[in-house]
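For reference, the structure is listed below as structure tokens.
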Amino acid sequence: MKSNKSFFVTLFTAILLAACGKASGEMTIHDVWARPALAGNNGAVYFVIENGTNSDDALLSATTDIASATEVHMSMADGNGVMSMQMQEAVSVPARDQVEFKPGGLHIMLVELTKDLNAGDTFTLTLNFEKAGEIALQVEVKEQP
Ligand SMILES: [Cu+2]
């Protein structure tokens with residue numbers, strides 16, 4: 001009976017550990033979309049980064065093969081309501097928090113597209129995080145999310 005009891009204790013511990021492992025989470029990116037745009041023009045990609053891990057991370061850069069350059073930008077309005085964009089060195093994504101890339105705020109700028117982006121098209125964008133490393137996304141081109 002004694003060995004039987006220890007078996008159940010072991011099993012219970014294993015289940016607990018498995019549950020914790022799942023709860024510690026990972027970096028996920030969802031609601032990924034891009035506006036339609038013409039070759040030669042700039043495009044923009046939006047998404048939500050969800051850091052399910054227990055450590056702070058940061059988005060350092062992004063790459064895609066359908067644009068001459070891929071930059072991380074933040075749109076902001078000055079005191080007169082004039083919009084401008086600033087290139088971001090890094091966008092911090094705190095542990096257990098989320099960061100939204102959306103029109104009028106953070107976005108991935110596709111500088112000088114090498115092909116047209118029509119609604120329904122998809123392409124690959126790779127995000128490079130300080131800790132999570134590279135995460136490849138399938139981006140869908142849509143008029144609106
Ligand atoms: Cu921009």
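Residues in the structure tokens are named by chain (A, B, ... in the order shown) and by number from 1 within that chain; ligands are numbered from 1 in the order shown.
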
Q: Pick out the residues sitting within 10 Å of Asp31 (chain A), and hand them over as an MDAnalysis selection string; count only C-alpha atoms, and ignore anything fewer than 3 positions along from it in its own chain.
A: chainID A and resid 46:49 100:101 139:140 145

Surrounding residues as an MDAnalysis selection string, ligand 1, max 6 Å, only C-alpha atoms and all ligand atoms
chainID A and resid 73 85 109

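Shortest separation to Asn54 (chain A) among A:Thr126, A:Ser92, A:Thr114, A:Met27 occurs at residue A:Met27, atoms counted being only C-alpha atoms.
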
Using only C-alpha atoms, the best pick from A:Ala90, A:Leu59, A:Val111, A:Ile66 as closest to Ile29 (chain A) would be A:Leu59

Residues of region 20-62 of chain A that have any atom at most 8 Å from an atom of region 118-121 of chain A: could you tabulate them with the shortest-distance atom pair and the distance in Å to one decimal, using only C-alpha atoms, ordered by chain and increasing number, as a Markdown table?
| residue | atom | partner | partner_atom | distance |
| --- | --- | --- | --- | --- |
| A:Arg35 | CA | A:Ala119 | CA | 7.9 |
| A:Pro36 | CA | A:Asn118 | CA | 5.1 |
| A:Ala37 | CA | A:Asn118 | CA | 6.9 |

Take the residues that were just selected and, keeping all heavy atoms, output them as a short mmCIF file (atom, residue, chain, number, x, y, z; two decimals), in the first residue's frame.
data_model
loop_
_atom_site.label_atom_id
_atom_site.label_comp_id
_atom_site.auth_asym_id
_atom_site.auth_seq_id
_atom_site.Cartn_x
_atom_site.Cartn_y
_atom_site.Cartn_z
N ARG A 35 -2.61 46.39 -44.86
CA ARG A 35 -3.47 47.14 -45.77
C ARG A 35 -3.09 46.81 -47.21
O ARG A 35 -1.91 46.59 -47.50
CB ARG A 35 -3.23 48.64 -45.62
CG ARG A 35 -3.65 49.27 -44.34
CD ARG A 35 -3.13 50.71 -44.37
NE ARG A 35 -3.38 51.42 -43.13
CZ ARG A 35 -4.55 51.94 -42.78
NH1 ARG A 35 -5.59 51.82 -43.57
NH2 ARG A 35 -4.69 52.58 -41.64
N PRO A 36 -4.06 46.86 -48.14
CA PRO A 36 -3.72 46.72 -49.56
C PRO A 36 -2.84 47.90 -49.96
O PRO A 36 -3.01 49.01 -49.44
CB PRO A 36 -5.08 46.79 -50.26
CG PRO A 36 -6.09 46.45 -49.21
CD PRO A 36 -5.51 46.98 -47.92
N ALA A 37 -1.87 47.68 -50.86
CA ALA A 37 -0.98 48.76 -51.32
C ALA A 37 -0.37 48.35 -52.65
O ALA A 37 -0.37 47.16 -53.01
CB ALA A 37 0.12 49.02 -50.30
#

Next on the checklist: Which residues are near Glu134 (chain A)? Cut-off 10 Å, only C-alpha atoms, ignore same chain within fewer than 3 positions. Put them as a PyMOL selection string.
Outcome noted: chain A and resi 59+61-63+126-131+137

Could you please write out, as a PyMOL selection string, every residue of chain A that DSSP assigns to strand (DSSP E or B)? chain A and resi 27-34+37+43-51+57-63+67-77+83-87+91-93+97-101+106-113+117+122-129+133-141

**Item:** Those of chain A in DSSP helix (DSSP H, G or I), formatted as a ChimeraX atom specification
**Value:** /A:2-23

Take the selection from the previous step and output its residues with N, CA, C and O atoms, as a short mmCIF file (atom, residue, chain, number, x, y, z; two decimals), in the first residue's frame.
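Output (out_25.cif):
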data_model
loop_
_atom_site.label_atom_id
_atom_site.label_comp_id
_atom_site.auth_asym_id
_atom_site.auth_seq_id
_atom_site.Cartn_x
_atom_site.Cartn_y
_atom_site.Cartn_z
N LYS A 2 2.01 1.18 0.69
CA LYS A 2 2.84 2.37 0.80
C LYS A 2 3.35 2.79 -0.59
O LYS A 2 3.31 3.96 -0.96
N SER A 3 3.79 1.80 -1.36
CA SER A 3 4.32 2.13 -2.68
C SER A 3 3.21 2.67 -3.58
O SER A 3 3.43 3.51 -4.44
N ASN A 4 2.00 2.15 -3.35
CA ASN A 4 0.85 2.60 -4.12
C ASN A 4 0.59 4.09 -3.88
O ASN A 4 0.34 4.86 -4.80
N LYS A 5 0.69 4.48 -2.63
CA LYS A 5 0.44 5.87 -2.27
C LYS A 5 1.48 6.80 -2.92
O LYS A 5 1.16 7.84 -3.47
N SER A 6 2.73 6.38 -2.87
CA SER A 6 3.78 7.23 -3.44
C SER A 6 3.61 7.34 -4.96
O SER A 6 3.94 8.35 -5.57
N PHE A 7 3.05 6.27 -5.55
CA PHE A 7 2.78 6.33 -7.00
C PHE A 7 1.79 7.46 -7.30
O PHE A 7 1.98 8.25 -8.21
N PHE A 8 0.75 7.55 -6.48
CA PHE A 8 -0.25 8.59 -6.73
C PHE A 8 0.29 9.99 -6.46
O PHE A 8 -0.03 10.93 -7.16
N VAL A 9 1.16 10.09 -5.45
CA VAL A 9 1.78 11.39 -5.16
C VAL A 9 2.62 11.82 -6.36
O VAL A 9 2.57 12.95 -6.82
N THR A 10 3.36 10.87 -6.91
CA THR A 10 4.21 11.15 -8.07
C THR A 10 3.37 11.59 -9.26
O THR A 10 3.66 12.56 -9.94
N LEU A 11 2.27 10.84 -9.46
CA LEU A 11 1.39 11.14 -10.59
C LEU A 11 0.80 12.54 -10.44
O LEU A 11 0.78 13.33 -11.38
N PHE A 12 0.35 12.85 -9.21
CA PHE A 12 -0.26 14.14 -8.94
C PHE A 12 0.75 15.27 -9.20
O PHE A 12 0.43 16.29 -9.82
N THR A 13 1.98 15.07 -8.76
CA THR A 13 3.04 16.06 -8.97
C THR A 13 3.28 16.28 -10.46
O THR A 13 3.43 17.40 -10.93
N ALA A 14 3.27 15.16 -11.20
CA ALA A 14 3.50 15.25 -12.64
C ALA A 14 2.41 16.08 -13.31
O ALA A 14 2.68 16.90 -14.19
N ILE A 15 1.17 15.87 -12.88
CA ILE A 15 0.05 16.63 -13.46
C ILE A 15 0.20 18.12 -13.14
O ILE A 15 0.02 18.97 -13.99
N LEU A 16 0.57 18.39 -11.89
CA LEU A 16 0.78 19.79 -11.47
C LEU A 16 1.85 20.46 -12.32
O LEU A 16 1.68 21.57 -12.79
N LEU A 17 2.96 19.75 -12.51
CA LEU A 17 4.07 20.30 -13.29
C LEU A 17 3.64 20.57 -14.73
O LEU A 17 3.97 21.59 -15.31
N ALA A 18 2.85 19.63 -15.28
CA ALA A 18 2.39 19.79 -16.66
C ALA A 18 1.50 21.02 -16.76
O ALA A 18 1.59 21.81 -17.70
N ALA A 19 0.65 21.21 -15.76
CA ALA A 19 -0.26 22.35 -15.75
C ALA A 19 0.52 23.66 -15.67
O ALA A 19 0.22 24.62 -16.37
N CYS A 20 1.54 23.68 -14.82
CA CYS A 20 2.36 24.88 -14.67
C CYS A 20 3.10 25.18 -15.97
O CYS A 20 3.20 26.31 -16.39
N GLY A 21 3.62 24.11 -16.60
CA GLY A 21 4.36 24.29 -17.84
C GLY A 21 3.50 24.97 -18.88
O GLY A 21 3.95 25.88 -19.56
N LYS A 22 2.26 24.57 -18.94
CA LYS A 22 1.35 25.15 -19.91
C LYS A 22 1.04 26.61 -19.56
O LYS A 22 1.00 27.48 -20.42
N ALA A 23 0.88 26.86 -18.25
CA ALA A 23 0.51 28.20 -17.80
C ALA A 23 1.65 29.21 -17.99
O ALA A 23 1.40 30.39 -18.09
#

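When CA of Ala58 (chain A) is paired with CA of Phe123 (chain A), their separation reads 23.1 Å.
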
The distance between CA of Gln88 (chain A) and CA of Pro103 (chain A) is 15.7 Å
